[in-house]
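Below is start.cif, which holds mmCIF, C-alpha atoms.
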data_protein
loop_
_atom_site.group_PDB
_atom_site.id
_atom_site.type_symbol
_atom_site.label_atom_id
_atom_site.label_comp_id
_atom_site.auth_asym_id
_atom_site.auth_seq_id
_atom_site.Cartn_x
_atom_site.Cartn_y
_atom_site.Cartn_z
ATOM 1 C CA MET A 28 102.085 71.679 144.819
ATOM 2 C CA ASP A 29 99.793 74.611 145.545
ATOM 3 C CA LYS A 30 96.928 74.706 143.023
ATOM 4 C CA SER A 31 97.322 78.427 142.331
ATOM 5 C CA LEU A 32 101.041 77.947 141.659
ATOM 6 C CA ALA A 33 100.339 75.030 139.350
ATOM 7 C CA ALA A 34 97.755 77.084 137.464
ATOM 8 C CA ALA A 35 100.208 79.966 137.110
ATOM 9 C CA GLN A 36 102.900 77.651 135.780
ATOM 10 C CA ALA A 37 100.470 76.097 133.311
ATOM 11 C CA LEU A 38 99.449 79.550 132.087
ATOM 12 C CA GLU A 39 103.072 80.600 131.692
ATOM 13 C CA ALA A 40 103.805 77.466 129.677
ATOM 14 C CA GLU A 41 100.791 78.170 127.463
ATOM 15 C CA ILE A 42 101.975 81.727 126.826
ATOM 16 C CA VAL A 43 105.491 80.554 125.983
ATOM 17 C CA GLU A 44 104.073 78.046 123.498
ATOM 18 C CA ARG A 45 101.801 80.690 121.982
ATOM 19 C CA LEU A 46 104.713 83.072 121.475
ATOM 20 C CA LYS A 47 106.822 80.294 119.962
ATOM 21 C CA GLU A 48 104.064 79.407 117.522
ATOM 22 C CA CYS A 49 103.495 83.063 116.628
ATOM 23 C CA GLN A 50 107.178 83.531 115.770
ATOM 24 C CA ALA A 51 106.998 80.488 113.503
ATOM 25 C CA VAL A 52 104.035 82.037 111.695
ATOM 26 C CA LEU A 53 105.844 85.380 111.372
ATOM 27 C CA GLN A 54 109.007 83.549 110.245
ATOM 28 C CA TYR A 55 110.976 85.770 112.589
ATOM 29 C CA SER A 56 112.626 84.833 115.894
ATOM 30 C CA PHE A 57 112.780 87.633 118.437
ATOM 31 C CA LYS A 58 115.924 88.186 120.426
ATOM 32 C CA ASN A 59 113.814 90.225 122.866
ATOM 33 C CA VAL A 60 110.528 88.313 123.155
ATOM 34 C CA SER A 61 109.053 91.029 125.384
ATOM 35 C CA LEU A 62 108.734 93.171 122.239
ATOM 36 C CA LEU A 63 106.509 90.526 120.689
ATOM 37 C CA VAL A 64 104.472 90.325 123.888
ATOM 38 C CA ALA A 65 103.947 94.094 123.762
ATOM 39 C CA ALA A 66 102.998 93.937 120.072
ATOM 40 C CA LEU A 67 100.302 91.364 120.813
ATOM 41 C CA THR A 68 98.908 93.056 123.932
ATOM 42 C CA HIS A 69 95.745 95.108 123.523
ATOM 43 C CA THR A 70 94.971 97.910 125.974
ATOM 44 C CA SER A 71 92.131 95.808 127.415
ATOM 45 C CA ARG A 72 94.729 93.295 128.670
ATOM 46 C CA ALA A 73 97.615 95.631 129.537
ATOM 47 C CA THR A 74 98.268 96.322 133.210
ATOM 48 C CA TYR A 75 98.909 99.942 132.238
ATOM 49 C CA ARG A 76 98.523 101.766 128.925
ATOM 50 C CA LEU A 77 102.231 101.994 128.045
ATOM 51 C CA ALA A 78 102.394 98.191 128.254
ATOM 52 C CA SER A 79 99.974 97.843 125.318
ATOM 53 C CA ASN A 80 100.821 97.808 121.603
ATOM 54 C CA GLU A 81 99.759 101.413 120.940
ATOM 55 C CA ARG A 82 103.276 102.888 120.821
ATOM 56 C CA LEU A 83 104.531 100.017 118.648
ATOM 57 C CA GLU A 84 101.554 100.539 116.329
ATOM 58 C CA PHE A 85 102.557 104.192 115.869
ATOM 59 C CA LEU A 86 106.136 103.186 115.086
ATOM 60 C CA GLY A 87 105.147 100.302 112.837
ATOM 61 C CA ASP A 88 102.832 102.483 110.772
ATOM 62 C CA ALA A 89 105.729 104.825 109.995
ATOM 63 C CA ILE A 90 108.162 101.983 109.257
ATOM 64 C CA LEU A 91 105.657 100.248 106.974
ATOM 65 C CA GLY A 92 105.053 103.468 105.078
ATOM 66 C CA ALA A 93 108.781 104.133 104.660
ATOM 67 C CA ILE A 94 109.460 100.605 103.366
ATOM 68 C CA ILE A 95 106.642 100.756 100.828
ATOM 69 C CA VAL A 96 107.616 104.269 99.705
ATOM 70 C CA ASP A 97 111.191 103.086 99.124
ATOM 71 C CA LEU A 98 109.909 100.096 97.164
ATOM 72 C CA LEU A 99 107.602 102.240 95.010
ATOM 73 C CA TYR A 100 110.319 104.789 94.338
ATOM 74 C CA HIS A 101 112.622 102.142 92.916
ATOM 75 C CA ARG A 102 110.061 99.923 91.165
ATOM 76 C CA CYS A 103 107.811 102.602 89.677
ATOM 77 C CA GLU A 104 110.375 104.818 87.988
ATOM 78 C CA ALA A 105 107.826 106.435 85.673
ATOM 79 C CA ALA A 106 105.316 107.244 88.425
ATOM 80 C CA MET A 107 104.944 110.784 89.703
ATOM 81 C CA GLU A 108 104.409 111.766 93.345
ATOM 82 C CA GLY A 109 100.601 111.696 93.151
ATOM 83 C CA GLU A 110 100.548 108.249 91.573
ATOM 84 C CA MET A 111 102.972 106.835 94.129
ATOM 85 C CA THR A 112 100.941 108.370 96.948
ATOM 86 C CA GLN A 113 97.853 106.620 95.637
ATOM 87 C CA LEU A 114 99.676 103.316 95.273
ATOM 88 C CA LYS A 115 101.085 103.566 98.780
ATOM 89 C CA SER A 116 97.717 104.377 100.352
ATOM 90 C CA VAL A 117 96.197 101.223 98.878
ATOM 91 C CA ILE A 118 99.077 98.933 99.861
ATOM 92 C CA VAL A 119 99.349 100.117 103.491
ATOM 93 C CA SER A 120 95.619 100.642 104.059
ATOM 94 C CA ARG A 121 93.861 99.410 107.187
ATOM 95 C CA ALA A 122 92.003 96.923 104.993
ATOM 96 C CA ALA A 123 95.286 95.496 103.670
ATOM 97 C CA CYS A 124 96.778 95.198 107.162
ATOM 98 C CA THR A 125 93.626 93.452 108.359
ATOM 99 C CA ARG A 126 93.660 91.002 105.446
ATOM 100 C CA ILE A 127 97.300 90.092 106.105
ATOM 101 C CA SER A 128 96.671 89.507 109.819
ATOM 102 C CA ARG A 129 93.723 87.271 108.935
ATOM 103 C CA ASP A 130 95.708 85.390 106.286
ATOM 104 C CA LEU A 131 98.371 84.655 108.900
ATOM 105 C CA ASN A 132 95.670 83.766 111.450
ATOM 106 C CA LEU A 133 97.259 86.151 113.947
ATOM 107 C CA GLU A 134 94.000 86.783 115.791
ATOM 108 C CA LYS A 135 94.542 83.796 118.067
ATOM 109 C CA TYR A 136 97.828 85.217 119.363
ATOM 110 C CA LEU A 137 96.380 88.502 120.615
ATOM 111 C CA PHE A 138 96.343 89.103 124.358
ATOM 112 C CA LEU A 139 92.891 90.560 125.087
ATOM 113 C CA GLY A 140 90.907 91.429 128.190
ATOM 114 C CA LYS A 141 88.044 89.078 129.054
ATOM 115 C CA GLY A 142 85.395 91.534 127.867
ATOM 116 C CA MET A 143 87.079 91.936 124.487
ATOM 117 C CA GLU A 144 87.510 88.171 124.100
ATOM 118 C CA LYS A 145 83.754 87.691 124.485
ATOM 119 C CA ARG A 146 82.905 90.391 121.933
ATOM 120 C CA GLY A 147 85.330 89.144 119.318
ATOM 121 C CA VAL A 148 88.170 90.892 117.520
ATOM 122 C CA PRO A 149 87.147 93.823 115.299
ATOM 123 C CA PRO A 150 89.090 94.436 112.055
ATOM 124 C CA SER A 151 90.706 97.587 113.465
ATOM 125 C CA LEU A 152 92.522 95.519 116.106
ATOM 126 C CA LEU A 153 93.925 93.188 113.463
ATOM 127 C CA ALA A 154 95.217 96.165 111.482
ATOM 128 C CA ASN A 155 96.724 97.709 114.611
ATOM 129 C CA MET A 156 98.388 94.425 115.526
ATOM 130 C CA GLN A 157 99.993 94.135 112.088
ATOM 131 C CA GLU A 158 101.539 97.573 112.461
ATOM 132 C CA SER A 159 102.685 96.889 116.039
ATOM 133 C CA ILE A 160 104.366 93.648 114.927
ATOM 134 C CA ILE A 161 106.272 95.572 112.252
ATOM 135 C CA GLY A 162 107.342 98.067 114.898
ATOM 136 C CA ALA A 163 108.470 95.271 117.211
ATOM 137 C CA ILE A 164 110.501 93.549 114.495
ATOM 138 C CA TYR A 165 112.123 96.877 113.631
ATOM 139 C CA LEU A 166 113.188 97.468 117.241
ATOM 140 C CA ASP A 167 114.375 93.881 117.643
ATOM 141 C CA GLY A 168 116.228 93.338 114.383
ATOM 142 C CA GLY A 169 116.567 96.710 112.689
ATOM 143 C CA LEU A 170 115.304 98.030 109.368
ATOM 144 C CA ASP A 171 116.538 95.072 107.307
ATOM 145 C CA ALA A 172 114.544 92.631 109.444
ATOM 146 C CA ALA A 173 111.416 94.775 109.249
ATOM 147 C CA LYS A 174 111.860 95.203 105.498
ATOM 148 C CA GLY A 175 112.242 91.471 104.969
ATOM 149 C CA TYR A 176 109.047 90.794 106.876
ATOM 150 C CA VAL A 177 107.037 93.552 105.165
ATOM 151 C CA LEU A 178 108.106 92.646 101.647
ATOM 152 C CA ARG A 179 107.205 89.016 102.300
ATOM 153 C CA VAL A 180 103.773 89.391 103.890
ATOM 154 C CA PHE A 181 102.724 92.377 101.760
ATOM 155 C CA ALA A 182 103.939 90.770 98.527
ATOM 156 C CA ASP A 183 100.449 89.996 97.217
ATOM 157 C CA GLU A 184 99.220 93.513 97.973
ATOM 158 C CA VAL A 185 102.274 95.040 96.318
ATOM 159 C CA ASN A 186 102.090 92.828 93.237
ATOM 160 C CA ALA A 187 98.369 93.405 92.800
ATOM 161 C CA VAL A 188 98.852 97.161 92.812
ATOM 162 C CA ILE A 189 102.209 97.592 91.072
ATOM 163 C CA GLY A 190 101.491 94.795 88.614
ATOM 164 C CA GLY A 191 99.303 97.147 86.612
ATOM 165 C CA GLU A 192 96.091 96.371 88.453
ATOM 166 C CA LEU A 193 95.653 99.719 90.186
ATOM 167 C CA GLY A 194 94.017 101.215 87.130
ATOM 168 C CA LYS A 195 91.860 98.093 86.801
ATOM 169 C CA ASN A 196 91.147 97.335 90.428
ATOM 170 C CA TYR A 197 88.282 99.752 90.883
ATOM 171 C CA LYS A 198 87.039 97.783 93.901
ATOM 172 C CA MET A 199 90.216 98.672 95.740
ATOM 173 C CA LEU A 200 90.027 102.308 94.663
ATOM 174 C CA LEU A 201 86.359 102.541 95.643
ATOM 175 C CA GLN A 202 86.985 101.036 99.059
ATOM 176 C CA GLN A 203 89.745 103.550 99.614
ATOM 177 C CA ALA A 204 87.481 106.459 98.595
ATOM 178 C CA ILE A 205 84.521 105.278 100.690
ATOM 179 C CA GLN A 206 86.577 104.599 103.811
ATOM 180 C CA ARG A 207 88.194 108.015 103.500
ATOM 181 C CA SER A 208 84.841 109.827 103.421
ATOM 182 C CA GLU A 209 82.392 107.557 105.260
ATOM 183 C CA HIS A 210 84.471 104.910 107.087
ATOM 184 C CA LYS A 211 82.222 102.200 105.655
ATOM 185 C CA VAL A 212 82.820 99.118 103.511
ATOM 186 C CA PRO A 213 81.140 98.790 100.083
ATOM 187 C CA ARG A 214 78.934 95.726 99.545
ATOM 188 C CA TYR A 215 78.495 94.059 96.151
ATOM 189 C CA VAL A 216 75.000 92.697 95.568
ATOM 190 C CA ILE A 217 74.088 90.432 92.649
ATOM 191 C CA LEU A 218 70.804 91.770 91.263
ATOM 192 C CA GLU A 219 70.369 89.506 88.266
ATOM 193 C CA GLN A 220 71.850 86.579 86.336
ATOM 194 C CA ARG A 221 71.311 85.721 82.697
ATOM 195 C CA GLY A 222 72.411 83.009 80.314
ATOM 196 C CA PRO A 223 73.250 79.296 80.557
ATOM 197 C CA ASP A 224 75.546 77.942 83.277
ATOM 198 C CA HIS A 225 78.566 77.860 80.985
ATOM 199 C CA SER A 226 78.098 81.460 79.862
ATOM 200 C CA LYS A 227 76.350 83.468 82.561
ATOM 201 C CA CYS A 228 76.287 87.226 82.867
ATOM 202 C CA PHE A 229 75.809 89.013 86.175
ATOM 203 C CA ARG A 230 74.398 92.401 87.146
ATOM 204 C CA VAL A 231 75.955 93.757 90.318
ATOM 205 C CA GLN A 232 75.252 96.861 92.362
ATOM 206 C CA VAL A 233 77.440 98.598 94.925
ATOM 207 C CA GLN A 234 75.716 99.463 98.189
ATOM 208 C CA VAL A 235 77.206 101.592 100.964
ATOM 209 C CA GLY A 236 74.820 101.742 103.887
ATOM 210 C CA ALA A 237 71.489 102.898 102.436
ATOM 211 C CA LYS A 238 73.169 104.398 99.353
ATOM 212 C CA ARG A 239 72.927 102.428 96.100
ATOM 213 C CA TYR A 240 75.010 103.152 93.018
ATOM 214 C CA HIS A 241 74.454 102.406 89.321
ATOM 215 C CA SER A 242 74.581 98.673 88.659
ATOM 216 C CA ALA A 243 76.697 97.083 85.925
ATOM 217 C CA TRP A 244 76.823 93.871 83.911
ATOM 218 C CA GLY A 245 79.829 91.580 83.590
ATOM 219 C CA LYS A 246 80.727 88.230 82.062
ATOM 220 C CA SER A 247 81.666 87.006 85.535
ATOM 221 C CA LYS A 248 80.914 88.065 89.107
ATOM 222 C CA LYS A 249 84.417 89.486 89.401
ATOM 223 C CA GLU A 250 84.105 91.533 86.221
ATOM 224 C CA ALA A 251 80.630 92.770 87.165
ATOM 225 C CA GLU A 252 81.910 93.869 90.578
ATOM 226 C CA GLN A 253 84.766 95.790 88.960
ATOM 227 C CA HIS A 254 82.373 97.472 86.514
ATOM 228 C CA ALA A 255 79.954 98.342 89.335
ATOM 229 C CA ALA A 256 82.817 99.780 91.383
ATOM 230 C CA GLN A 257 83.901 101.911 88.427
ATOM 231 C CA ASN A 258 80.325 103.166 88.047
ATOM 232 C CA ALA A 259 80.260 104.091 91.735
ATOM 233 C CA LEU A 260 83.554 105.974 91.422
ATOM 234 C CA CYS A 261 82.143 107.890 88.458
ATOM 235 C CA GLU A 262 79.042 108.772 90.468
ATOM 236 C CA LEU A 263 81.165 109.985 93.372
ATOM 237 C CA GLU A 264 82.973 112.263 90.920
ATOM 238 C CA GLY A 265 79.706 113.510 89.390
ATOM 239 C CA LYS A 266 80.259 111.679 86.097
ATOM 240 C CA LEU A 267 78.011 109.398 84.045
ATOM 241 C CA PRO A 268 78.496 105.637 84.592
ATOM 242 C CA VAL A 269 80.975 103.897 82.305
ATOM 243 C CA TYR A 270 78.869 100.712 82.281
ATOM 244 C CA PRO A 271 75.237 101.838 82.347
ATOM 245 C CA ALA A 272 72.613 99.194 83.115
ATOM 246 C CA ASP A 273 68.853 99.313 83.503
ATOM 247 C CA ASP A 274 68.640 100.175 87.210
#
Written as structure tokens, that's how I'd like the structure from this file.
Amino acid sequence: MDKSLAAAQALEAEIVERLKECQAVLQYSFKNVSLLVAALTHTSRATYRLASNERLEFLGDAILGAIIVDLLYHRCEAAMEGEMTQLKSVIVSRAACTRISRDLNLEKYLFLGKGMEKRGVPPSLLANMQESIIGAIYLDGGLDAAKGYVLRVFADEVNAVIGGELGKNYKMLLQQAIQRSEHKVPRYVILEQRGPDHSKCFRVQVQVGAKRYHSAWGKSKKEAEQHAAQNALCELEGKLPVYPADD
């Protein structure tokens, strides 16, 4: 057999196996597998732009938003429009889509150009891929199929927000506010620890680029991070910190 033909057949078999494995991870079997191929194809690998996942990403973003809005409308009966808008923006954020793609280890199924493969996959691509997969499932199986997938993989995000944590999860709210204005990710730096191992307290400070916000103490790292995030939100709004510490 010609070596080039053998190589082509081996590559085709590898792609088929990759697509099969990806569908198992998604827990959805495509009737039209070419939709999945398109959803996983970045522009750097596409033979022409319309063959990439950009159009599916656009569709998937809208479908995801509609599914989450419907869910919020029925589960948050006491919430007004502004509250539901805030809840939705956290659940369907780029950060949430990226986290879900990483949790499912979808990065390895992306079809990338050689240059992109060497540089690594940036978070934005993982978020885009999540939306394009939703769009592909919608086209392949309809709204019910897309809804089933979204409600399953976004369950943790939904429960964390609707389960009463939105008002407590200041880290999530801060990340949303920072990304909206500066397109950066807040870092949480431990400045100090006090107390014995069984009862430590932590002082944490939020840093965004060169900007540093008022630090805060907490009985755990998680609590200190939440307090520091709340301080940062107060500072962004021109208010005094809720948890002042000796900065």
Per residue of region 113-216 of chain A within 7 Å of region 47-57 of chain A, what are the shortest atom pair and its distance in Å to one decimal, counting all atoms listed in the file, with rows by chain and residue number, as a Markdown table?
| residue | atom | partner | partner_atom | distance |
| --- | --- | --- | --- | --- |
| A:Leu131 | CA | A:Val52 | CA | 6.8 |
| A:Tyr136 | CA | A:Cys49 | CA | 6.7 |
| A:Asp167 | CA | A:Phe57 | CA | 6.5 |
Using the chain letters and numbers from this file, what does the PyMOL selection byres ((chain A and resi 164) around 9) select? Give the answer as a PyMOL selection string. chain A and resi 55+57+62-63+87+159-163+165-170+172-173+176
**Item:** Result set, the PyMOL selection byres ((chain A and resi 96-104) around 12) on current file, as a VMD selection string
**Value:** chain A and resid 89 to 95 105 to 119 174 to 175 177 to 178 181 to 182 185 to 186 188 to 191
Store the residues of this selection in a file with C-alpha atoms, as an mmCIF file, in the frame of the given file.
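Output saved as selection_27.cif:
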data_model
loop_
_atom_site.group_PDB
_atom_site.id
_atom_site.type_symbol
_atom_site.label_atom_id
_atom_site.label_comp_id
_atom_site.auth_asym_id
_atom_site.auth_seq_id
_atom_site.Cartn_x
_atom_site.Cartn_y
_atom_site.Cartn_z
ATOM 1 C CA ALA A 89 105.729 104.825 109.995
ATOM 2 C CA ILE A 90 108.162 101.983 109.257
ATOM 3 C CA LEU A 91 105.657 100.248 106.974
ATOM 4 C CA GLY A 92 105.053 103.468 105.078
ATOM 5 C CA ALA A 93 108.781 104.133 104.660
ATOM 6 C CA ILE A 94 109.460 100.605 103.366
ATOM 7 C CA ILE A 95 106.642 100.756 100.828
ATOM 8 C CA ALA A 105 107.826 106.435 85.673
ATOM 9 C CA ALA A 106 105.316 107.244 88.425
ATOM 10 C CA MET A 107 104.944 110.784 89.703
ATOM 11 C CA GLU A 108 104.409 111.766 93.345
ATOM 12 C CA GLY A 109 100.601 111.696 93.151
ATOM 13 C CA GLU A 110 100.548 108.249 91.573
ATOM 14 C CA MET A 111 102.972 106.835 94.129
ATOM 15 C CA THR A 112 100.941 108.370 96.948
ATOM 16 C CA GLN A 113 97.853 106.620 95.637
ATOM 17 C CA LEU A 114 99.676 103.316 95.273
ATOM 18 C CA LYS A 115 101.085 103.566 98.780
ATOM 19 C CA SER A 116 97.717 104.377 100.352
ATOM 20 C CA VAL A 117 96.197 101.223 98.878
ATOM 21 C CA ILE A 118 99.077 98.933 99.861
ATOM 22 C CA VAL A 119 99.349 100.117 103.491
ATOM 23 C CA LYS A 174 111.860 95.203 105.498
ATOM 24 C CA GLY A 175 112.242 91.471 104.969
ATOM 25 C CA VAL A 177 107.037 93.552 105.165
ATOM 26 C CA LEU A 178 108.106 92.646 101.647
ATOM 27 C CA PHE A 181 102.724 92.377 101.760
ATOM 28 C CA ALA A 182 103.939 90.770 98.527
ATOM 29 C CA VAL A 185 102.274 95.040 96.318
ATOM 30 C CA ASN A 186 102.090 92.828 93.237
ATOM 31 C CA VAL A 188 98.852 97.161 92.812
ATOM 32 C CA ILE A 189 102.209 97.592 91.072
ATOM 33 C CA GLY A 190 101.491 94.795 88.614
ATOM 34 C CA GLY A 191 99.303 97.147 86.612
#
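Among A:Asp171, A:Glu264, A:His69, A:Ala204, the residue with the shortest atom-to-atom distance to Gly140 (chain A), counting all atoms listed in the file, is A:His69.
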Who sits within 12 Å of region 218-223 of chain A, all atoms listed in the file, same chain under 3 positions skipped, as a list in words: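 Once the nearby chain positions are removed, what remains is Tyr215, Ser226, Lys227, Cys228, Phe229, Arg230, Val231, Gln232, Val233, Gln234, Arg239, His241, Ser242, Ala243, Trp244, Gly245, Lys246, Ser247, Lys248, Ala251, Glu252, Ala255, Ala272, Asp273 and Asp274 of chain A.
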Using all atoms listed in the file, the residue out of A:Met156, A:Val235, A:Ala256, A:Leu67 with shortest distance to Lys198 (chain A) is A:Ala256
Taken to one decimal, the CA of Ala65 (chain A)-CA of Leu46 (chain A) distance is 11.3 Å
Computed gap from CA of Gln206 (chain A) to CA of Leu139 (chain A) is 26.3 Å
Legend entry - Atom pair CA of Ser71 (chain A) / CA of Phe138 (chain A): separation (Å):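 If I compute the distance from CA of Ser71 (chain A) to CA of Phe138 (chain A), I get 8.5 Å.
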Counting all atoms listed in the file, closest pick from A:Pro149, A:Pro213, A:Gly236, A:Pro268 relative to Leu201 (chain A) is A:Pro213
Using only C-alpha atoms, which residue out of A:His225, A:Leu133, A:Ser208, A:Lys249 lies closest to Leu263 (chain A)?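 That would be A:Ser208, the residue with the smallest distance to Leu263 (chain A).
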Generate N, CA, C and O atoms for region 234-252 of chain A and emit them as a PDB file, in the coordinates of the input.
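Output contents, as saved in result12.pdb:
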ATOM      1  N   GLN A 234      76.531  98.838  97.147  1.00  0.00           N
ATOM      2  CA  GLN A 234      75.716  99.463  98.189  1.00  0.00           C
ATOM      3  C   GLN A 234      76.632  99.857  99.348  1.00  0.00           C
ATOM      4  O   GLN A 234      77.464  99.075  99.783  1.00  0.00           O
ATOM      5  N   VAL A 235      76.467 101.081  99.806  1.00  0.00           N
ATOM      6  CA  VAL A 235      77.206 101.592 100.964  1.00  0.00           C
ATOM      7  C   VAL A 235      76.185 102.144 101.940  1.00  0.00           C
ATOM      8  O   VAL A 235      75.639 103.214 101.739  1.00  0.00           O
ATOM      9  N   GLY A 236      75.904 101.366 102.986  1.00  0.00           N
ATOM     10  CA  GLY A 236      74.820 101.742 103.887  1.00  0.00           C
ATOM     11  C   GLY A 236      73.514 101.712 103.121  1.00  0.00           C
ATOM     12  O   GLY A 236      73.183 100.740 102.440  1.00  0.00           O
ATOM     13  N   ALA A 237      72.762 102.802 103.166  1.00  0.00           N
ATOM     14  CA  ALA A 237      71.489 102.898 102.436  1.00  0.00           C
ATOM     15  C   ALA A 237      71.684 103.390 101.008  1.00  0.00           C
ATOM     16  O   ALA A 237      70.755 103.354 100.201  1.00  0.00           O
ATOM     17  N   LYS A 238      72.881 103.849 100.675  1.00  0.00           N
ATOM     18  CA  LYS A 238      73.169 104.398  99.353  1.00  0.00           C
ATOM     19  C   LYS A 238      73.407 103.281  98.346  1.00  0.00           C
ATOM     20  O   LYS A 238      74.150 102.339  98.604  1.00  0.00           O
ATOM     21  N   ARG A 239      72.749 103.402  97.164  1.00  0.00           N
ATOM     22  CA  ARG A 239      72.927 102.428  96.100  1.00  0.00           C
ATOM     23  C   ARG A 239      73.425 103.141  94.851  1.00  0.00           C
ATOM     24  O   ARG A 239      72.903 104.190  94.480  1.00  0.00           O
ATOM     25  N   TYR A 240      74.401 102.548  94.199  1.00  0.00           N
ATOM     26  CA  TYR A 240      75.010 103.152  93.018  1.00  0.00           C
ATOM     27  C   TYR A 240      74.547 102.422  91.754  1.00  0.00           C
ATOM     28  O   TYR A 240      73.931 101.364  91.818  1.00  0.00           O
ATOM     29  N   HIS A 241      74.864 102.991  90.597  1.00  0.00           N
ATOM     30  CA  HIS A 241      74.454 102.406  89.321  1.00  0.00           C
ATOM     31  C   HIS A 241      75.016 100.989  89.183  1.00  0.00           C
ATOM     32  O   HIS A 241      76.216 100.762  89.376  1.00  0.00           O
ATOM     33  N   SER A 242      74.146 100.059  88.835  1.00  0.00           N
ATOM     34  CA  SER A 242      74.581  98.673  88.659  1.00  0.00           C
ATOM     35  C   SER A 242      75.298  98.516  87.325  1.00  0.00           C
ATOM     36  O   SER A 242      75.278  99.408  86.472  1.00  0.00           O
ATOM     37  N   ALA A 243      75.949  97.353  87.155  1.00  0.00           N
ATOM     38  CA  ALA A 243      76.697  97.083  85.925  1.00  0.00           C
ATOM     39  C   ALA A 243      76.676  95.594  85.624  1.00  0.00           C
ATOM     40  O   ALA A 243      76.609  94.765  86.530  1.00  0.00           O
ATOM     41  N   TRP A 244      76.763  95.261  84.347  1.00  0.00           N
ATOM     42  CA  TRP A 244      76.823  93.871  83.911  1.00  0.00           C
ATOM     43  C   TRP A 244      78.276  93.435  83.717  1.00  0.00           C
ATOM     44  O   TRP A 244      79.142  94.262  83.432  1.00  0.00           O
ATOM     45  N   GLY A 245      78.510  92.144  83.854  1.00  0.00           N
ATOM     46  CA  GLY A 245      79.829  91.580  83.590  1.00  0.00           C
ATOM     47  C   GLY A 245      79.713  90.126  83.196  1.00  0.00           C
ATOM     48  O   GLY A 245      78.717  89.462  83.511  1.00  0.00           O
ATOM     49  N   LYS A 246      80.743  89.618  82.511  1.00  0.00           N
ATOM     50  CA  LYS A 246      80.727  88.230  82.062  1.00  0.00           C
ATOM     51  C   LYS A 246      81.040  87.255  83.192  1.00  0.00           C
ATOM     52  O   LYS A 246      80.944  86.052  83.022  1.00  0.00           O
ATOM     53  N   SER A 247      81.435  87.795  84.325  1.00  0.00           N
ATOM     54  CA  SER A 247      81.666  87.006  85.535  1.00  0.00           C
ATOM     55  C   SER A 247      81.318  87.886  86.726  1.00  0.00           C
ATOM     56  O   SER A 247      81.159  89.106  86.588  1.00  0.00           O
ATOM     57  N   LYS A 248      81.196  87.269  87.912  1.00  0.00           N
ATOM     58  CA  LYS A 248      80.914  88.065  89.107  1.00  0.00           C
ATOM     59  C   LYS A 248      82.031  89.072  89.356  1.00  0.00           C
ATOM     60  O   LYS A 248      81.776  90.231  89.700  1.00  0.00           O
ATOM     61  N   LYS A 249      83.265  88.617  89.163  1.00  0.00           N
ATOM     62  CA  LYS A 249      84.417  89.486  89.401  1.00  0.00           C
ATOM     63  C   LYS A 249      84.398  90.685  88.468  1.00  0.00           C
ATOM     64  O   LYS A 249      84.620  91.829  88.899  1.00  0.00           O
ATOM     65  N   GLU A 250      84.136  90.441  87.193  1.00  0.00           N
ATOM     66  CA  GLU A 250      84.105  91.533  86.221  1.00  0.00           C
ATOM     67  C   GLU A 250      82.954  92.489  86.513  1.00  0.00           C
ATOM     68  O   GLU A 250      83.112  93.713  86.445  1.00  0.00           O
ATOM     69  N   ALA A 251      81.784  91.926  86.862  1.00  0.00           N
ATOM     70  CA  ALA A 251      80.630  92.770  87.165  1.00  0.00           C
ATOM     71  C   ALA A 251      80.895  93.643  88.390  1.00  0.00           C
ATOM     72  O   ALA A 251      80.493  94.815  88.430  1.00  0.00           O
ATOM     73  N   GLU A 252      81.575  93.096  89.376  1.00  0.00           N
ATOM     74  CA  GLU A 252      81.910  93.869  90.578  1.00  0.00           C
ATOM     75  C   GLU A 252      82.859  95.017  90.233  1.00  0.00           C
ATOM     76  O   GLU A 252      82.709  96.134  90.734  1.00  0.00           O
TER      77      GLU A 252
END
